[in-house]
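Next comes data_14.cif, with mmCIF, C-alpha atoms.
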data_coords
#
loop_
_atom_site.label_atom_id
_atom_site.label_comp_id
_atom_site.auth_asym_id
_atom_site.auth_seq_id
_atom_site.Cartn_x
_atom_site.Cartn_y
_atom_site.Cartn_z
CA MET A 1 76.93 64.06 99.28
CA SER A 2 78.81 67.23 98.48
CA GLY A 3 82.30 67.46 97.04
CA GLN A 4 83.64 68.27 100.50
CA GLU A 5 82.14 65.08 101.88
CA TYR A 6 83.72 62.99 99.13
CA ALA A 7 87.11 64.54 99.85
CA PHE A 8 86.60 64.02 103.58
CA THR A 9 85.66 60.34 103.05
CA VAL A 10 88.79 59.72 100.97
CA LEU A 11 91.00 61.38 103.60
CA ALA A 12 89.26 59.53 106.44
CA VAL A 13 89.62 56.12 104.75
CA VAL A 14 93.31 56.66 103.97
CA GLY A 15 93.91 58.01 107.48
CA SER A 16 92.09 55.09 109.14
CA ILE A 17 93.99 52.46 107.14
CA ALA A 18 97.28 54.15 107.99
CA ALA A 19 96.25 54.38 111.68
CA ILE A 20 95.60 50.63 111.76
CA ALA A 21 98.94 50.10 110.02
CA VAL A 22 100.64 52.18 112.73
CA VAL A 23 99.50 49.83 115.48
CA THR A 24 100.06 46.59 113.51
CA ALA A 25 103.29 47.26 111.59
CA ARG A 26 106.16 44.88 112.29
CA ASN A 27 108.86 47.45 111.61
CA VAL A 28 108.99 50.42 113.96
CA VAL A 29 110.32 52.84 111.34
CA HIS A 30 107.47 51.85 108.99
CA ALA A 31 105.05 52.52 111.85
CA ALA A 32 106.48 56.02 112.24
CA LEU A 33 106.07 56.64 108.49
CA TYR A 34 102.45 55.39 108.61
CA LEU A 35 101.96 57.82 111.48
CA VAL A 36 103.04 60.62 109.11
CA VAL A 37 100.29 59.55 106.65
CA THR A 38 97.65 59.44 109.41
CA LEU A 39 98.59 62.82 110.84
CA SER A 40 98.68 64.42 107.38
CA CYS A 41 95.20 63.05 106.61
CA VAL A 42 93.92 64.40 109.92
CA GLY A 43 95.45 67.78 109.02
CA GLY A 44 93.68 67.60 105.66
CA THR A 45 90.35 66.97 107.38
CA TYR A 46 90.96 70.06 109.55
CA LEU A 47 91.38 72.12 106.37
CA LEU A 48 88.14 70.65 104.97
CA LEU A 49 86.30 71.46 108.20
CA GLY A 50 87.31 75.10 107.92
CA ALA A 51 90.02 75.06 110.59
CA GLU A 52 92.73 76.47 108.39
CA PHE A 53 95.12 77.58 111.12
CA LEU A 54 94.87 74.26 112.98
CA GLY A 55 95.40 72.31 109.76
CA TRP A 56 98.77 73.95 109.23
CA VAL A 57 99.64 73.74 112.92
CA GLN A 58 98.93 70.00 112.72
CA ILE A 59 101.28 69.60 109.75
CA LEU A 60 103.99 71.77 111.33
CA ILE A 61 103.95 70.39 114.86
CA TYR A 62 102.95 66.77 114.40
CA VAL A 63 104.49 65.88 111.05
CA GLY A 64 107.37 68.31 111.37
CA ALA A 65 108.37 67.98 115.00
CA ILE A 66 106.72 65.10 116.88
CA VAL A 67 107.36 62.40 114.26
CA ILE A 68 111.01 63.50 114.05
CA LEU A 69 111.20 63.15 117.85
CA PHE A 70 109.73 59.65 117.54
CA LEU A 71 112.30 58.72 114.91
CA PHE A 72 115.09 60.01 117.16
CA GLY A 73 113.65 57.95 120.01
CA LEU A 74 113.59 54.84 117.83
CA MET A 75 117.13 55.34 116.54
CA LEU A 76 118.53 55.99 120.04
CA THR A 77 116.97 52.87 121.54
CA LYS A 78 117.96 50.17 119.05
CA ALA A 79 114.37 49.25 118.23
CA PRO A 80 113.71 45.56 117.57
CA ILE A 81 112.05 44.27 114.40
CA GLY A 82 109.38 41.56 114.38
CA ARG A 83 106.02 40.80 115.92
CA ASP A 84 107.26 38.91 118.97
CA ASP A 85 109.48 41.78 120.02
CA LEU A 86 106.90 44.48 119.37
CA ASP A 87 103.65 43.03 120.72
CA ASN A 88 103.02 41.45 124.09
CA GLN A 89 100.94 38.41 125.03
CA GLN A 90 97.81 40.50 125.56
CA ARG A 91 97.52 40.98 121.81
CA TRP A 92 94.57 38.64 121.35
CA LEU A 93 92.79 40.22 124.28
CA ALA A 94 93.46 43.71 122.92
CA ILE A 95 91.66 43.04 119.62
CA PRO A 96 88.21 42.39 121.16
CA VAL A 97 88.67 45.27 123.60
CA ALA A 98 89.44 47.73 120.79
CA ALA A 99 86.60 46.31 118.66
CA LEU A 100 84.23 46.70 121.62
CA VAL A 101 85.32 50.32 122.14
CA PHE A 102 84.74 51.03 118.46
CA ALA A 103 81.32 49.31 118.42
CA GLY A 104 80.25 51.17 121.55
CA LEU A 105 81.32 54.52 120.15
CA VAL A 106 79.59 53.86 116.81
CA PHE A 107 76.40 52.87 118.65
CA LEU A 108 76.46 56.01 120.81
CA ILE A 109 77.21 58.30 117.85
CA GLN A 110 74.45 56.70 115.79
CA ASP A 111 72.12 57.10 118.74
CA ALA A 112 72.93 60.77 119.37
CA PHE A 113 73.56 62.03 115.83
CA PRO A 114 71.79 59.73 113.32
CA VAL A 115 73.34 59.88 109.84
CA LYS A 116 69.94 60.10 108.16
CA GLU A 117 68.87 63.18 110.12
CA ALA A 118 72.22 64.95 109.94
CA VAL A 119 71.99 68.25 108.13
CA ALA A 120 74.91 69.80 106.35
CA THR A 121 75.27 73.38 107.48
CA GLU A 122 77.10 75.93 105.35
CA SER A 123 80.81 75.90 105.95
CA PHE A 124 82.36 77.80 108.82
CA GLN A 125 85.73 79.41 108.26
CA ALA A 126 87.61 80.50 111.35
CA SER A 127 90.46 82.68 110.14
CA THR A 128 93.75 82.94 112.01
CA GLY A 129 92.71 86.44 113.09
CA VAL A 130 89.53 85.18 114.73
CA ILE A 131 91.43 82.45 116.57
CA GLY A 132 94.10 84.88 117.73
CA GLU A 133 91.50 87.35 118.97
CA SER A 134 89.63 84.68 120.91
CA LEU A 135 92.87 83.21 122.27
CA PHE A 136 94.19 86.50 123.61
CA ARG A 137 90.84 87.88 124.73
CA HIS A 138 89.26 84.92 126.54
CA TYR A 139 92.05 82.39 127.00
CA VAL A 140 95.05 84.43 128.11
CA LEU A 141 95.50 82.60 131.40
CA PRO A 142 95.35 79.06 129.89
CA PHE A 143 97.70 80.27 127.16
CA GLU A 144 100.25 81.39 129.73
CA ALA A 145 99.77 78.16 131.68
CA VAL A 146 100.51 76.14 128.53
CA SER A 147 103.64 78.14 127.81
CA PHE A 148 104.77 77.52 131.39
CA LEU A 149 104.01 73.81 130.94
CA LEU A 150 106.13 73.70 127.79
CA LEU A 151 109.01 75.38 129.63
CA ALA A 152 108.72 72.87 132.48
CA ALA A 153 108.63 69.98 129.98
CA LEU A 154 111.71 71.36 128.22
CA ILE A 155 113.71 71.62 131.44
CA GLY A 156 112.41 68.26 132.66
CA ALA A 157 113.38 66.49 129.45
CA ILE A 158 116.90 67.95 129.56
CA VAL A 159 117.37 66.99 133.23
CA LEU A 160 116.04 63.46 132.65
CA ALA A 161 118.00 62.62 129.53
CA ARG A 162 121.31 64.20 130.55
CA LYS A 163 124.15 61.99 131.73
CA ASP A 164 124.88 62.58 135.40
CA ASP A 165 128.64 62.15 135.37
CA ALA A 166 129.13 64.75 132.63
CA MET S 1 80.00 71.01 104.35
CA VAL S 2 80.79 67.68 105.97
CA ARG S 3 78.00 66.16 108.06
CA LEU S 4 78.88 65.62 111.72
CA PRO S 5 78.51 61.78 111.99
CA PHE S 6 81.19 61.23 109.32
CA VAL S 7 83.65 63.20 111.43
CA LEU S 8 82.65 61.34 114.59
CA PHE S 9 83.03 57.90 112.95
CA PHE S 10 86.52 58.79 111.72
CA SER S 11 87.43 59.94 115.19
CA ALA S 12 86.03 56.75 116.77
CA LEU S 13 88.15 54.60 114.45
CA LEU S 14 91.31 56.58 115.24
CA PHE S 15 90.58 56.24 118.97
CA SER S 16 90.00 52.47 118.74
CA ALA S 17 93.26 52.02 116.83
CA GLY S 18 94.98 53.95 119.61
CA VAL S 19 93.38 51.76 122.30
CA TYR S 20 94.58 48.63 120.52
CA GLY S 21 98.09 50.06 120.18
CA VAL S 22 98.36 50.96 123.86
CA LEU S 23 97.15 47.51 124.95
CA ALA S 24 99.05 45.33 122.47
CA ARG S 25 102.42 47.02 121.97
CA ARG S 26 105.32 46.31 124.29
CA ASN S 27 107.77 48.81 122.80
CA ALA S 28 107.41 52.05 124.80
CA VAL S 29 107.88 54.30 121.74
CA MET S 30 105.06 52.48 119.96
CA VAL S 31 102.82 52.98 123.01
CA LEU S 32 103.53 56.72 122.82
CA MET S 33 102.60 56.70 119.11
CA ALA S 34 99.27 55.04 119.93
CA ILE S 35 98.63 57.72 122.59
CA GLU S 36 99.20 60.35 119.89
CA LEU S 37 96.54 58.63 117.77
CA MET S 38 94.04 58.89 120.62
CA LEU S 39 94.84 62.58 121.20
CA ASN S 40 94.31 63.19 117.48
CA ALA S 41 90.91 61.50 117.66
CA VAL S 42 89.92 63.96 120.39
CA ASN S 43 91.09 66.88 118.25
CA VAL S 44 89.08 65.66 115.26
CA ASN S 45 86.00 65.61 117.48
CA LEU S 46 86.65 69.11 118.82
CA ILE S 47 87.09 70.56 115.35
CA GLY S 48 84.08 68.69 113.94
CA PHE S 49 81.84 70.16 116.64
CA SER S 50 83.46 73.57 116.20
CA ALA S 51 82.50 73.49 112.50
CA GLN S 52 79.00 72.24 113.23
CA LEU S 53 78.23 74.75 115.97
CA LYS S 54 80.13 77.61 114.26
CA ASP S 55 82.02 78.25 117.46
CA VAL S 56 85.73 78.99 117.48
CA ASN S 57 86.23 77.75 121.07
CA GLY S 58 86.59 74.14 119.92
CA GLN S 59 89.57 75.07 117.78
CA ILE S 60 91.22 76.87 120.72
CA PHE S 61 90.82 73.74 122.83
CA ALA S 62 92.33 71.62 120.04
CA LEU S 63 95.29 74.03 119.99
CA PHE S 64 95.82 73.46 123.72
CA VAL S 65 95.59 69.69 123.26
CA ILE S 66 98.29 69.87 120.58
CA ALA S 67 100.56 71.88 122.90
CA VAL S 68 100.08 69.42 125.77
CA ALA S 69 100.71 66.49 123.39
CA ALA S 70 104.01 68.06 122.33
CA ALA S 71 105.08 68.42 125.97
CA GLU S 72 104.01 64.83 126.68
CA VAL S 73 106.05 63.41 123.80
CA GLY S 74 109.14 65.34 124.88
CA ILE S 75 108.97 64.06 128.46
CA GLY S 76 107.92 60.55 127.35
CA LEU S 77 110.87 60.13 125.02
CA ALA S 78 113.27 61.46 127.67
CA ILE S 79 111.95 58.79 130.06
CA VAL S 80 112.25 56.12 127.35
CA ILE S 81 115.89 57.05 126.68
CA LEU S 82 116.63 57.01 130.41
CA LEU S 83 114.98 53.58 130.65
CA PHE S 84 117.05 52.28 127.74
CA ARG S 85 120.24 53.56 129.35
CA ASN S 86 119.48 51.77 132.63
CA ARG S 87 117.84 48.57 131.37
CA GLU S 88 119.09 48.06 127.79
CA SER S 89 115.46 47.49 126.79
CA ILE S 90 112.32 49.60 126.41
CA ASN S 91 109.75 46.83 126.71
CA VAL S 92 107.03 48.10 128.99
CA ASP S 93 106.27 44.64 130.40
CA GLU S 94 109.80 44.36 131.76
CA VAL S 95 109.40 47.53 133.81
CA ASN S 96 107.83 45.85 136.83
CA LEU S 97 109.81 47.18 139.79
CA LEU S 98 106.74 48.78 141.34
CA LYS S 99 104.42 45.94 140.40
CA TRP S 100 102.74 44.18 143.28
#
Take the structure I supplied and represent it as structure tokens, if you would.
Amino acid sequence: MSGQEYAFTVLAVVGSIAAIAVVTARNVVHAALYLVVTLSCVGGTYLLLGAEFLGWVQILIYVGAIVILFLFGLMLTKAPIGRDDLDNQQRWLAIPVAALVFAGLVFLIQDAFPVKEAVATESFQASTGVIGESLFRHYVLPFEAVSFLLLAALIGAIVLARKDDA
Amino acid sequence: MVRLPFVLFFSALLFSAGVYGVLARRNAVMVLMAIELMLNAVNVNLIGFSAQLKDVNGQIFALFVIAVAAAEVGIGLAIVILLFRNRESINVDEVNLLKW
């Protein structure tokens, strides 16, 4: 194993533990803070995989913006504390379903890309310039569609959350 | 360089945690958080394959997924706040008006 793989394993283990804590935490604010740890670890793995631009985008957008939105949502809705208020009665059914999904995915991955035969290629660095060139040369139309989608979401969120009598 | 199966296993675990969260949580904000976990698992996969195949297209797709996730959270939280204003509760199992 190379140094990069050790670093990746550490980040992946911390991120996985925090991800499980997100879905099992009894306190909603703690769950949001565990989500910060998970998203930061995922951003770190992007940096290790050579996706420098996406690593920082992940930190900026997810940790900087989306988690803050979640915290606002929690504060504005008087979130309850405790397992009975947070989880429903399907909890014991959900555990085997999630375990089955994980086992199935691990089986398929092991079948398609066996760990023993996996070869480590030399690292691939996609600079911000390369991403920008590809984005504006081959993906201009999807880019514009996404910007339109964000505008629609912005207007929709304002219309939905606004008080009517104001 | 990180070997591909390590990346895929990490992504599978994130996705399974998200599946559990969506099924077991009754607080709507927590369900949205679990959906974010699943979207992140997809992004990890896209970037892992992008690094393995030395192709920048995977990273562009991940960028689009992040943008759509941001839009989804904005709309989702607006709906949750609207629900709280009308029902005084954001438990998803109490929202059964359209249930057969």
From the options A:Leu49, A:Val146, A:Val67, A:Ala126, which residue's atoms come nearest to A:Ala31, counting all atoms listed in the file? A:Val67
Shell of 9 Å around A:Ala157, all atoms listed in the file, local chain residues under 2 positions omitted, as a list in words: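 Using all atoms listed in the file, the neighbours found are Ala152, Ala153, Leu154, Ile155, Val159, Leu160, Ala161 and Arg162 of chain A; Gly74, Ile75, Gly76, Leu77, Ala78 and Ile79 of chain S.
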Print the selection's residues with C-alpha atoms to a file, as a PDB file, in the frame of the given file.
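The resulting file, part22.pdb, is shown below:
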ATOM      1  CA  ALA A 152     108.720  72.870 132.480  1.00  0.00           C
ATOM      2  CA  ALA A 153     108.630  69.980 129.980  1.00  0.00           C
ATOM      3  CA  LEU A 154     111.710  71.360 128.220  1.00  0.00           C
ATOM      4  CA  ILE A 155     113.710  71.620 131.440  1.00  0.00           C
ATOM      5  CA  VAL A 159     117.370  66.990 133.230  1.00  0.00           C
ATOM      6  CA  LEU A 160     116.040  63.460 132.650  1.00  0.00           C
ATOM      7  CA  ALA A 161     118.000  62.620 129.530  1.00  0.00           C
ATOM      8  CA  ARG A 162     121.310  64.200 130.550  1.00  0.00           C
TER       9      ARG A 162
ATOM     10  CA  GLY S  74     109.140  65.340 124.880  1.00  0.00           C
ATOM     11  CA  ILE S  75     108.970  64.060 128.460  1.00  0.00           C
ATOM     12  CA  GLY S  76     107.920  60.550 127.350  1.00  0.00           C
ATOM     13  CA  LEU S  77     110.870  60.130 125.020  1.00  0.00           C
ATOM     14  CA  ALA S  78     113.270  61.460 127.670  1.00  0.00           C
ATOM     15  CA  ILE S  79     111.950  58.790 130.060  1.00  0.00           C
TER      16      ILE S  79
END
Target residues per the PyMOL selection byres ((chain S and resi 2-4) around 10), formatted as a PyMOL selection string: (chain A and resi 1-9+45+48-49+109+113-115+117-123) or (chain S and resi 1+5-9+45+48-49+51-52)
If you count all atoms listed in the file, the residue of A:His30, A:Leu108, A:Ala51, A:Leu150 closest to S:Val44 turns out to be A:Ala51
For stretch 24-38 of chain S, list every protein, DNA or RNA residue within 8 Å, evaluated using all atoms listed in the file, and leave out those in the same chain fewer than 5 positions away; present the list as a VMD selection string. (chain A and resid 19 22 to 23 28 32 35 70 73 to 74 85 to 91 94) or (chain S and resid 14 to 19 69 73 76 to 77 80 90 to 93)
Restrict the selected residues to C-alpha atoms and save them as a PDB file, in the coordinates of the input.
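part_13.pdb was written with the following content:
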ATOM      1  CA  ALA A  19      96.250  54.380 111.680  1.00  0.00           C
ATOM      2  CA  VAL A  22     100.640  52.180 112.730  1.00  0.00           C
ATOM      3  CA  VAL A  23      99.500  49.830 115.480  1.00  0.00           C
ATOM      4  CA  VAL A  28     108.990  50.420 113.960  1.00  0.00           C
ATOM      5  CA  ALA A  32     106.480  56.020 112.240  1.00  0.00           C
ATOM      6  CA  LEU A  35     101.960  57.820 111.480  1.00  0.00           C
ATOM      7  CA  PHE A  70     109.730  59.650 117.540  1.00  0.00           C
ATOM      8  CA  GLY A  73     113.650  57.950 120.010  1.00  0.00           C
ATOM      9  CA  LEU A  74     113.590  54.840 117.830  1.00  0.00           C
ATOM     10  CA  ASP A  85     109.480  41.780 120.020  1.00  0.00           C
ATOM     11  CA  LEU A  86     106.900  44.480 119.370  1.00  0.00           C
ATOM     12  CA  ASP A  87     103.650  43.030 120.720  1.00  0.00           C
ATOM     13  CA  ASN A  88     103.020  41.450 124.090  1.00  0.00           C
ATOM     14  CA  GLN A  89     100.940  38.410 125.030  1.00  0.00           C
ATOM     15  CA  GLN A  90      97.810  40.500 125.560  1.00  0.00           C
ATOM     16  CA  ARG A  91      97.520  40.980 121.810  1.00  0.00           C
ATOM     17  CA  ALA A  94      93.460  43.710 122.920  1.00  0.00           C
TER      18      ALA A  94
ATOM     19  CA  LEU S  14      91.310  56.580 115.240  1.00  0.00           C
ATOM     20  CA  PHE S  15      90.580  56.240 118.970  1.00  0.00           C
ATOM     21  CA  SER S  16      90.000  52.470 118.740  1.00  0.00           C
ATOM     22  CA  ALA S  17      93.260  52.020 116.830  1.00  0.00           C
ATOM     23  CA  GLY S  18      94.980  53.950 119.610  1.00  0.00           C
ATOM     24  CA  VAL S  19      93.380  51.760 122.300  1.00  0.00           C
ATOM     25  CA  ALA S  69     100.710  66.490 123.390  1.00  0.00           C
ATOM     26  CA  VAL S  73     106.050  63.410 123.800  1.00  0.00           C
ATOM     27  CA  GLY S  76     107.920  60.550 127.350  1.00  0.00           C
ATOM     28  CA  LEU S  77     110.870  60.130 125.020  1.00  0.00           C
ATOM     29  CA  VAL S  80     112.250  56.120 127.350  1.00  0.00           C
ATOM     30  CA  ILE S  90     112.320  49.600 126.410  1.00  0.00           C
ATOM     31  CA  ASN S  91     109.750  46.830 126.710  1.00  0.00           C
ATOM     32  CA  VAL S  92     107.030  48.100 128.990  1.00  0.00           C
ATOM     33  CA  ASP S  93     106.270  44.640 130.400  1.00  0.00           C
TER      34      ASP S  93
END
